[in-house]
file coords.txt (compact mmCIF, C-alpha atoms and all ligand atoms)
# COMPACT_ATOMS: atom_id res chain seq x y z
CA MET X 1 0.00 0.00 0.00
CA GLY X 2 1.06 3.57 -0.54
CA PRO X 3 0.15 6.63 -2.59
CA PRO X 4 1.40 7.00 -6.16
CA GLY X 5 5.15 7.60 -6.20
CA ALA X 6 5.70 6.06 -2.74
CA GLY X 7 8.10 3.48 -4.22
CA LYS X 8 5.85 0.40 -4.29
CA GLY X 9 7.01 -0.70 -7.74
CA THR X 10 10.70 0.05 -7.18
CA ILE X 11 10.86 -1.80 -3.88
CA SER X 12 8.85 -4.79 -5.06
CA LYS X 13 11.16 -5.18 -8.05
CA GLN X 14 14.20 -5.02 -5.71
CA CYS X 15 12.64 -7.86 -3.67
CA LEU X 16 12.58 -10.08 -6.76
CA ASP X 17 16.39 -10.01 -6.90
CA VAL X 18 16.61 -11.43 -3.38
CA PHE X 19 13.56 -13.62 -2.81
CA SER X 20 12.02 -16.30 -4.98
CA LEU X 21 8.72 -14.49 -5.28
CA LYS X 22 6.58 -13.49 -8.25
CA GLN X 23 5.36 -9.93 -8.58
CA LEU X 24 2.26 -8.43 -10.10
CA SER X 25 1.87 -4.70 -10.54
CA THR X 26 -1.76 -4.19 -11.50
CA GLY X 27 -0.82 -0.77 -12.93
CA ASP X 28 1.85 -2.35 -15.19
CA LEU X 29 -0.61 -5.04 -16.24
CA CYS X 30 -3.21 -2.40 -17.17
CA ARG X 31 -0.65 -0.41 -19.18
CA ARG X 32 0.36 -3.60 -21.04
CA HIS X 33 -3.28 -4.22 -22.00
CA ILE X 34 -3.55 -0.65 -23.31
CA LYS X 35 -0.34 -0.94 -25.33
CA ASP X 36 -1.53 -4.26 -26.81
CA ARG X 37 -4.91 -2.64 -27.62
CA SER X 38 -6.59 -5.72 -26.13
CA GLN X 39 -10.34 -5.67 -25.42
CA ILE X 40 -9.61 -5.00 -21.75
CA GLY X 41 -7.13 -2.31 -22.77
CA GLN X 42 -9.79 -0.45 -24.74
CA ARG X 43 -12.19 -0.63 -21.78
CA ILE X 44 -9.69 0.72 -19.24
CA ASP X 45 -7.79 3.36 -21.22
CA PHE X 46 -10.07 6.17 -20.06
CA TYR X 47 -9.80 5.21 -16.37
CA ILE X 48 -6.00 5.11 -16.44
CA LYS X 49 -5.57 8.42 -18.30
CA SER X 50 -7.83 10.26 -15.89
CA GLY X 51 -6.38 8.63 -12.76
CA LYS X 52 -9.61 6.81 -11.88
CA LEU X 53 -9.77 3.30 -10.43
CA ILE X 54 -10.75 0.49 -12.77
CA PRO X 55 -14.00 -1.27 -11.72
CA ASP X 56 -13.41 -3.84 -8.97
CA ASP X 57 -14.82 -6.83 -10.87
CA LEU X 58 -12.51 -6.26 -13.83
CA ILE X 59 -9.32 -5.83 -11.81
CA VAL X 60 -10.17 -8.77 -9.51
CA GLN X 61 -10.65 -11.00 -12.57
CA MET X 62 -7.25 -9.92 -13.91
CA VAL X 63 -5.58 -10.69 -10.57
CA GLU X 64 -7.40 -14.01 -10.24
CA ASN X 65 -6.19 -15.16 -13.66
CA TRP X 66 -2.62 -14.26 -12.70
CA LEU X 67 -2.77 -15.91 -9.26
CA PHE X 68 -4.28 -19.04 -10.76
CA GLU X 69 -1.16 -19.43 -12.93
CA VAL X 70 1.57 -18.47 -10.45
CA LEU X 71 0.42 -19.52 -6.96
CA PRO X 72 0.85 -23.27 -7.51
CA VAL X 73 4.43 -22.80 -8.74
CA CYS X 74 5.97 -20.23 -6.38
CA GLU X 75 6.70 -19.60 -2.70
CA GLY X 76 4.87 -16.31 -2.54
CA VAL X 77 3.72 -13.28 -4.45
CA ILE X 78 4.05 -9.53 -4.17
CA LEU X 79 0.96 -7.61 -5.17
CA ASP X 80 1.89 -4.03 -6.03
CA GLY X 81 -1.11 -1.72 -6.23
CA PHE X 82 -3.68 -4.35 -5.29
CA PRO X 83 -5.98 -4.40 -3.37
CA ARG X 84 -6.97 -0.74 -3.44
CA THR X 85 -10.54 -0.99 -2.15
CA VAL X 86 -12.19 -3.04 0.57
CA ALA X 87 -14.14 -4.98 -2.08
CA GLN X 88 -10.81 -5.93 -3.70
CA ALA X 89 -9.27 -6.87 -0.34
CA TYR X 90 -12.23 -9.09 0.45
CA ALA X 91 -12.05 -10.70 -3.00
CA LEU X 92 -8.32 -11.32 -2.54
CA GLN X 93 -8.90 -13.03 0.77
CA GLU X 94 -11.50 -15.31 -0.84
CA LEU X 95 -9.17 -16.07 -3.76
CA ILE X 96 -6.36 -17.02 -1.41
CA LYS X 97 -8.64 -19.26 0.64
CA LYS X 98 -9.82 -20.96 -2.56
CA GLN X 99 -6.34 -21.52 -4.00
CA SER X 100 -4.01 -22.12 -1.09
CA ALA X 101 -5.08 -22.62 2.51
CA GLU X 102 -1.53 -22.05 3.83
CA CYS X 103 -1.14 -18.64 2.23
CA GLU X 104 -0.57 -15.78 4.67
CA LEU X 105 -1.25 -12.16 3.77
CA SER X 106 1.09 -9.40 4.98
CA VAL X 107 0.64 -5.71 4.28
CA PHE X 108 3.47 -3.22 3.72
CA LYS X 109 2.36 0.39 3.82
CA ILE X 110 4.82 2.97 2.49
CA GLU X 111 4.04 6.41 3.85
CA ILE X 112 4.95 9.70 2.14
CA SER X 113 3.39 13.17 2.20
CA ASP X 114 1.20 14.51 -0.62
CA TYR X 115 3.79 17.25 -1.18
CA GLU X 116 6.49 14.61 -1.75
CA VAL X 117 4.16 12.71 -4.14
CA MET X 118 3.74 15.85 -6.26
CA GLN X 119 7.51 16.49 -6.30
CA ARG X 120 8.42 12.91 -7.18
CA LEU X 121 5.88 12.37 -9.93
CA GLN X 122 6.92 15.54 -11.77
CA ASP X 123 10.38 14.01 -12.25
CA ARG X 124 9.30 10.41 -12.80
CA TYR X 125 10.04 8.54 -16.02
CA ILE X 126 9.35 4.90 -16.90
CA CYS X 127 10.80 2.51 -19.44
CA ILE X 128 8.56 2.45 -22.54
CA ASP X 129 9.02 -1.33 -22.95
CA LYS X 130 5.81 -2.91 -21.68
CA SER X 131 7.54 -5.93 -20.21
CA CYS X 132 10.09 -3.76 -18.37
CA GLN X 133 8.43 -0.52 -17.13
CA VAL X 134 11.28 0.19 -14.66
CA VAL X 135 10.85 3.53 -12.89
CA TYR X 136 13.45 6.34 -12.92
CA SER X 137 13.71 9.77 -11.38
CA TYR X 138 15.47 12.84 -12.74
CA ARG X 139 15.57 14.45 -9.31
CA LYS X 140 19.12 15.52 -8.40
CA GLU X 141 19.22 13.76 -5.03
CA SER X 142 17.53 10.57 -6.30
CA ASN X 143 19.24 7.17 -6.47
CA LEU X 144 16.94 6.26 -9.38
CA MET X 145 18.70 8.34 -12.08
CA PRO X 146 19.33 6.39 -15.29
CA GLN X 147 23.00 5.93 -16.21
CA VAL X 148 22.33 7.49 -19.63
CA GLU X 149 19.71 10.23 -19.85
CA GLY X 150 16.48 8.99 -21.49
CA ILE X 151 17.60 5.33 -21.73
CA CYS X 152 16.64 2.36 -19.55
CA ASP X 153 19.65 0.84 -17.74
CA TYR X 154 18.27 -2.70 -18.17
CA CYS X 155 16.73 -3.04 -21.63
CA LYS X 156 18.08 0.18 -23.27
CA SER X 157 14.60 1.28 -24.36
CA GLN X 158 13.45 4.89 -24.28
CA LEU X 159 12.23 6.51 -21.03
CA VAL X 160 8.89 8.35 -21.13
CA ARG X 161 6.46 10.12 -18.78
CA ARG X 162 3.36 8.18 -17.76
CA LYS X 163 0.12 9.54 -19.25
CA ASP X 164 -1.37 9.77 -15.76
CA ASP X 165 1.61 11.66 -14.27
CA ASN X 166 -0.01 15.03 -15.06
CA PHE X 167 -1.30 17.42 -12.40
CA ASN X 168 -5.04 16.64 -12.72
CA ALA X 169 -4.61 12.87 -12.80
CA ILE X 170 -2.14 12.93 -9.88
CA GLU X 171 -4.58 14.98 -7.81
CA HIS X 172 -7.34 12.51 -8.61
CA ARG X 173 -5.18 9.48 -7.78
CA LEU X 174 -4.12 10.99 -4.46
CA LYS X 175 -7.71 11.81 -3.54
CA THR X 176 -8.80 8.27 -4.42
CA TYR X 177 -5.93 6.81 -2.39
CA HIS X 178 -6.91 8.80 0.70
CA THR X 179 -10.59 7.92 0.25
CA PHE X 180 -9.86 4.20 0.59
CA GLU X 181 -6.75 4.23 2.80
CA GLN X 182 -8.36 4.08 6.24
CA CYS X 183 -11.12 1.58 5.34
CA LEU X 184 -8.56 -0.70 3.75
CA LEU X 185 -6.27 -0.53 6.78
CA GLY X 186 -9.26 -1.16 9.03
CA PHE X 187 -10.19 -4.22 6.99
CA PHE X 188 -6.66 -5.67 7.19
CA GLN X 189 -6.51 -4.99 10.94
CA ASP X 190 -9.92 -6.57 11.56
CA MET X 191 -8.86 -9.65 9.62
CA GLY X 192 -5.71 -9.95 11.79
CA HIS X 193 -3.23 -9.41 8.94
CA ARG X 194 0.11 -7.98 9.94
CA ILE X 195 0.77 -4.42 8.71
CA ALA X 196 4.28 -2.95 8.50
CA PHE X 197 4.47 0.87 8.31
CA LEU X 198 7.48 2.16 6.38
CA ASN X 199 8.79 5.71 6.15
CA GLY X 200 8.93 6.24 2.38
CA HIS X 201 10.72 9.61 2.55
CA ARG X 202 14.02 7.74 2.79
CA PRO X 203 15.93 6.60 -0.33
CA SER X 204 14.38 3.45 -1.83
CA ASP X 205 17.51 1.38 -1.04
CA ILE X 206 17.08 2.06 2.68
CA VAL X 207 13.36 1.27 2.60
CA PHE X 208 14.19 -1.92 0.74
CA GLN X 209 16.68 -3.00 3.46
CA GLU X 210 13.90 -2.67 6.03
CA VAL X 211 11.45 -4.64 3.88
CA LYS X 212 14.08 -7.33 3.38
CA LYS X 213 14.49 -7.80 7.13
CA LEU X 214 10.72 -7.93 7.63
CA ILE X 215 10.27 -10.57 4.93
CA ARG X 216 13.08 -12.70 6.41
CA LYS X 217 11.41 -12.67 9.82
CA PRO X 218 8.31 -14.83 10.03
CA LEU X 219 5.50 -12.41 9.36
CA SER X 220 3.31 -13.38 12.27
CA CYS X 221 1.32 -10.79 14.23
P1 LIG L 1 -0.26 2.36 -10.59
O1 LIG L 1 0.71 1.99 -11.66
O2 LIG L 1 -0.29 1.39 -9.45
O3 LIG L 1 -0.08 3.79 -10.14
O4 LIG L 1 -1.72 2.28 -11.26
C1 LIG L 1 -2.04 3.06 -12.38
C2 LIG L 1 -3.53 3.03 -12.64
O5 LIG L 1 -3.95 1.69 -12.91
C3 LIG L 1 -4.41 3.49 -11.48
O6 LIG L 1 -4.54 4.90 -11.41
C4 LIG L 1 -5.74 2.81 -11.87
O7 LIG L 1 -6.38 3.49 -12.94
C5 LIG L 1 -5.27 1.46 -12.40
N1 LIG L 1 -5.17 0.47 -11.31
C6 LIG L 1 -4.04 -0.17 -10.89
N2 LIG L 1 -4.31 -1.00 -9.88
C7 LIG L 1 -5.65 -0.89 -9.65
C8 LIG L 1 -6.53 -1.49 -8.70
N3 LIG L 1 -6.11 -2.37 -7.78
N4 LIG L 1 -7.85 -1.14 -8.75
C9 LIG L 1 -8.31 -0.27 -9.68
N5 LIG L 1 -7.52 0.35 -10.58
C10 LIG L 1 -6.19 0.05 -10.57

call {"tool": "encode", "arguments": {"input": "coords.txt", "output": "structure tokens"}}
result
Amino acid sequence: MGPPGAGKGTISKQCLDVFSLKQLSTGDLCRRHIKDRSQIGQRIDFYIKSGKLIPDDLIVQMVENWLFEVLPVCEGVILDGFPRTVAQAYALQELIKKQSAECELSVFKIEISDYEVMQRLQDRYICIDKSCQVVYSYRKESNLMPQVEGICDYCKSQLVRRKDDNFNAIEHRLKTYHTFEQCLLGFFQDMGHRIAFLNGHRPSDIVFQEVKKLIRKPLSC
């Protein structure tokens, strides 16, 4: 959990280098559908551009399809950007129960101020390659600068701004995040899931070190 620009994607991708987990970013998945001009892509293009949430039933179906494929063949999954509403959280819990009784859900909440979100997203670039989508920052003090300006360090594709990283869409996304934040936390607490609160104002490498330690420890309450 965390507002846009908190570092959810960056930190989850760092976890993949260290743990044998699979990761799903629902935002990346949506952008891939749009790039491929799939039927789903055509339905969701408007929501993404304007910073609105995609309807729960559609996003839950997309996550269910993915979990169905990966859960039987991996030790765990990182869901980046899902669930974002209580209906999604409830659906996730049901999916987990259905697919793997031993699965335990842990929540990592990265906290940053709205001011910091605005600053970060103005300087954010992502890799244009739909299977890569690594995030960069052109902020002077950032550790996410690309080695060569405008080029992805990993796949050498071009770096671009996201369509929803404009002022109006960012405002909308932030408002939506805050609308659901407390109910979602309440739901996770009521269900007895462990929640780790992380200070996201620190460089992503430092936040990642903390996440790494928390994942190594058994995530019991
Ligand atoms: P993100 O890359 O996580 O910032 O997500 C980008 C956009 O994808 C969001 O603004 C939504 O339009 C859509 N999206 C991603 N995840 C979800 C979700 N769990 N529920 C609804 N919409 C989502």

call {"tool": "residues_near_ligand", "arguments": {"input": "coords.txt", "ligand": "ligand LIG 1 (chain L)", "cutoff": "9 Å", "atoms": "all atoms listed in the file", "output": "PyMOL selection string"}}
result
chain X and resi 3-5+8-9+25-31+44-56+58-60+63+80-85+88+164+169-170+172-173+176

call {"tool": "atom_distance", "arguments": {"input": "coords.txt", "atom1": "atom CA of X:Cys183", "atom2": "atom CA of X:Leu214"}}
result
23.9 Å

call {"tool": "atom_distance", "arguments": {"input": "coords.txt", "atom1": "atom CA of X:Trp66", "atom2": "atom CA of X:Ile11"}}
result
20.4 Å

call {"tool": "atom_distance", "arguments": {"input": "coords.txt", "atom1": "atom CA of X:His193", "atom2": "atom CA of X:Leu105"}}
result
6.2 Å

call {"tool": "axis_aligned_box", "arguments": {"input": "coords.txt", "around": "stretch 36-46 of chain X", "padding_each_side": "3 Å", "output": "lines of an AutoDock Vina configuration file"}}
result
center_x = -6.9
center_y = 0.2
center_z = -23.4
size_x = 16.7
size_y = 17.9
size_z = 14.4

call {"tool": "residues_around", "arguments": {"input": "coords.txt", "residues": "X:Gln99", "least_positions_apart": "5", "cutoff": "9 Å", "atoms": "only C-alpha atoms", "output": "PyMOL selection string"}}
result
chain X and resi 67-68+71-72+94

call {"tool": "residues_around", "arguments": {"input": "coords.txt", "residues": "X:Gln147", "least_positions_apart": "5", "cutoff": "12 Å", "atoms": "all atoms listed in the file", "output": "PyMOL selection string"}}
result
chain X and resi 136-138+152-154+156+159

call {"tool": "residues_around", "arguments": {"input": "coords.txt", "residues": "stretch 74-76 of chain X", "least_positions_apart": "3", "cutoff": "12 Å", "atoms": "all atoms listed in the file", "output": "ChimeraX atom specification"}}
result
/X:15-16,19-24,67-71,79,96,100,102-106,215

call {"tool": "closest_residue", "arguments": {"input": "coords.txt", "among": "X:Met1, X:Ile78, X:Asn199, X:Ser12", "to": "X:Glu111", "atoms": "only C-alpha atoms"}}
result
X:Asn199

call {"tool": "residues_near_point", "arguments": {"input": "coords.txt", "point": "(16.2, 1.3, -22.5)", "cutoff": "12 Å", "atoms": "all atoms listed in the file", "output": "ChimeraX atom specification"}}
result
/X:125-136,146-160

call {"tool": "write_last_selection", "arguments": {"input": "coords.txt", "atoms": "C-alpha atoms", "output": "short mmCIF file (atom, residue, chain, number, x, y, z; two decimals), in the frame of the given file"}}
result
data_model
loop_
_atom_site.label_atom_id
_atom_site.label_comp_id
_atom_site.auth_asym_id
_atom_site.auth_seq_id
_atom_site.Cartn_x
_atom_site.Cartn_y
_atom_site.Cartn_z
CA TYR X 125 10.04 8.54 -16.02
CA ILE X 126 9.35 4.90 -16.90
CA CYS X 127 10.80 2.51 -19.44
CA ILE X 128 8.56 2.45 -22.54
CA ASP X 129 9.02 -1.33 -22.95
CA LYS X 130 5.81 -2.91 -21.68
CA SER X 131 7.54 -5.93 -20.21
CA CYS X 132 10.09 -3.76 -18.37
CA GLN X 133 8.43 -0.52 -17.13
CA VAL X 134 11.28 0.19 -14.66
CA VAL X 135 10.85 3.53 -12.89
CA TYR X 136 13.45 6.34 -12.92
CA PRO X 146 19.33 6.39 -15.29
CA GLN X 147 23.00 5.93 -16.21
CA VAL X 148 22.33 7.49 -19.63
CA GLU X 149 19.71 10.23 -19.85
CA GLY X 150 16.48 8.99 -21.49
CA ILE X 151 17.60 5.33 -21.73
CA CYS X 152 16.64 2.36 -19.55
CA ASP X 153 19.65 0.84 -17.74
CA TYR X 154 18.27 -2.70 -18.17
CA CYS X 155 16.73 -3.04 -21.63
CA LYS X 156 18.08 0.18 -23.27
CA SER X 157 14.60 1.28 -24.36
CA GLN X 158 13.45 4.89 -24.28
CA LEU X 159 12.23 6.51 -21.03
CA VAL X 160 8.89 8.35 -21.13
#

call {"tool": "residues_around", "arguments": {"input": "coords.txt", "residues": "X:Asn143", "least_positions_apart": "2", "cutoff": "8 Å", "atoms": "only C-alpha atoms", "output": "PDB file with C-alpha atoms, in the coordinates of the input"}}
result
ATOM      1  CA  SER X 137      13.710   9.770 -11.380  1.00  0.00           C
ATOM      2  CA  GLU X 141      19.220  13.760  -5.030  1.00  0.00           C
ATOM      3  CA  MET X 145      18.700   8.340 -12.080  1.00  0.00           C
ATOM      4  CA  PRO X 203      15.930   6.600  -0.330  1.00  0.00           C
ATOM      5  CA  SER X 204      14.380   3.450  -1.830  1.00  0.00           C
TER       6      SER X 204
END

call {"tool": "closest_residue", "arguments": {"input": "coords.txt", "among": "X:Ser142, X:Asn65, X:Gln182, X:Gln122", "to": "X:Lys109", "atoms": "all atoms listed in the file"}}
result
X:Gln182

call {"tool": "closest_residue", "arguments": {"input": "coords.txt", "among": "X:Val77, X:Leu121, X:Leu184, X:Ile110", "to": "X:Lys13", "atoms": "only C-alpha atoms"}}
result
X:Val77

call {"tool": "closest_residue", "arguments": {"input": "coords.txt", "among": "X:Ile112, X:Val86, X:Leu174, X:Leu185", "to": "X:His201", "atoms": "all atoms listed in the file"}}
result
X:Ile112

call {"tool": "closest_residue", "arguments": {"input": "coords.txt", "among": "X:Gln14, X:Gln93, X:Ser113, X:Gln42", "to": "X:Lys212", "atoms": "only C-alpha atoms"}}
result
X:Gln14

call {"tool": "build_atoms", "arguments": {"input": "coords.txt", "residues": "stretch 128-140 of chain X", "atoms": "N, CA and C atoms", "output": "CSV table (one decimal), in the coordinates of the input"}}
result
chain,number,residue,atom,x,y,z
X,128,ILE,N,9.7,2.6,-21.6
X,128,ILE,CA,8.6,2.4,-22.5
X,128,ILE,C,8.2,1.0,-22.8
X,129,ASP,N,9.2,0.1,-22.6
X,129,ASP,CA,9.0,-1.3,-23.0
X,129,ASP,C,8.0,-1.9,-22.0
X,130,LYS,N,6.9,-2.5,-22.5
X,130,LYS,CA,5.8,-2.9,-21.7
X,130,LYS,C,6.1,-4.1,-20.8
X,131,SER,N,7.2,-4.8,-21.1
X,131,SER,CA,7.5,-5.9,-20.2
X,131,SER,C,8.6,-5.5,-19.2
X,132,CYS,N,9.1,-4.3,-19.3
X,132,CYS,CA,10.1,-3.8,-18.4
X,132,CYS,C,9.5,-2.7,-17.4
X,133,GLN,N,9.1,-1.6,-17.9
X,133,GLN,CA,8.4,-0.5,-17.1
X,133,GLN,C,9.2,-0.1,-15.8
X,134,VAL,N,10.5,-0.2,-15.8
X,134,VAL,CA,11.3,0.2,-14.7
X,134,VAL,C,11.1,1.7,-14.5
X,135,VAL,N,11.1,2.1,-13.2
X,135,VAL,CA,10.8,3.5,-12.9
X,135,VAL,C,12.2,4.3,-12.6
X,136,TYR,N,12.3,5.5,-13.1
X,136,TYR,CA,13.4,6.3,-12.9
X,136,TYR,C,13.0,7.7,-12.4
X,137,SER,N,14.0,8.4,-11.8
X,137,SER,CA,13.7,9.8,-11.4
X,137,SER,C,14.8,10.7,-11.8
X,138,TYR,N,14.5,11.9,-12.3
X,138,TYR,CA,15.5,12.8,-12.7
X,138,TYR,C,15.8,13.8,-11.6
X,139,ARG,N,15.3,13.5,-10.4
X,139,ARG,CA,15.6,14.4,-9.3
X,139,ARG,C,17.0,14.4,-8.9
X,140,LYS,N,17.7,15.5,-8.7
X,140,LYS,CA,19.1,15.5,-8.4
X,140,LYS,C,19.5,14.5,-7.3
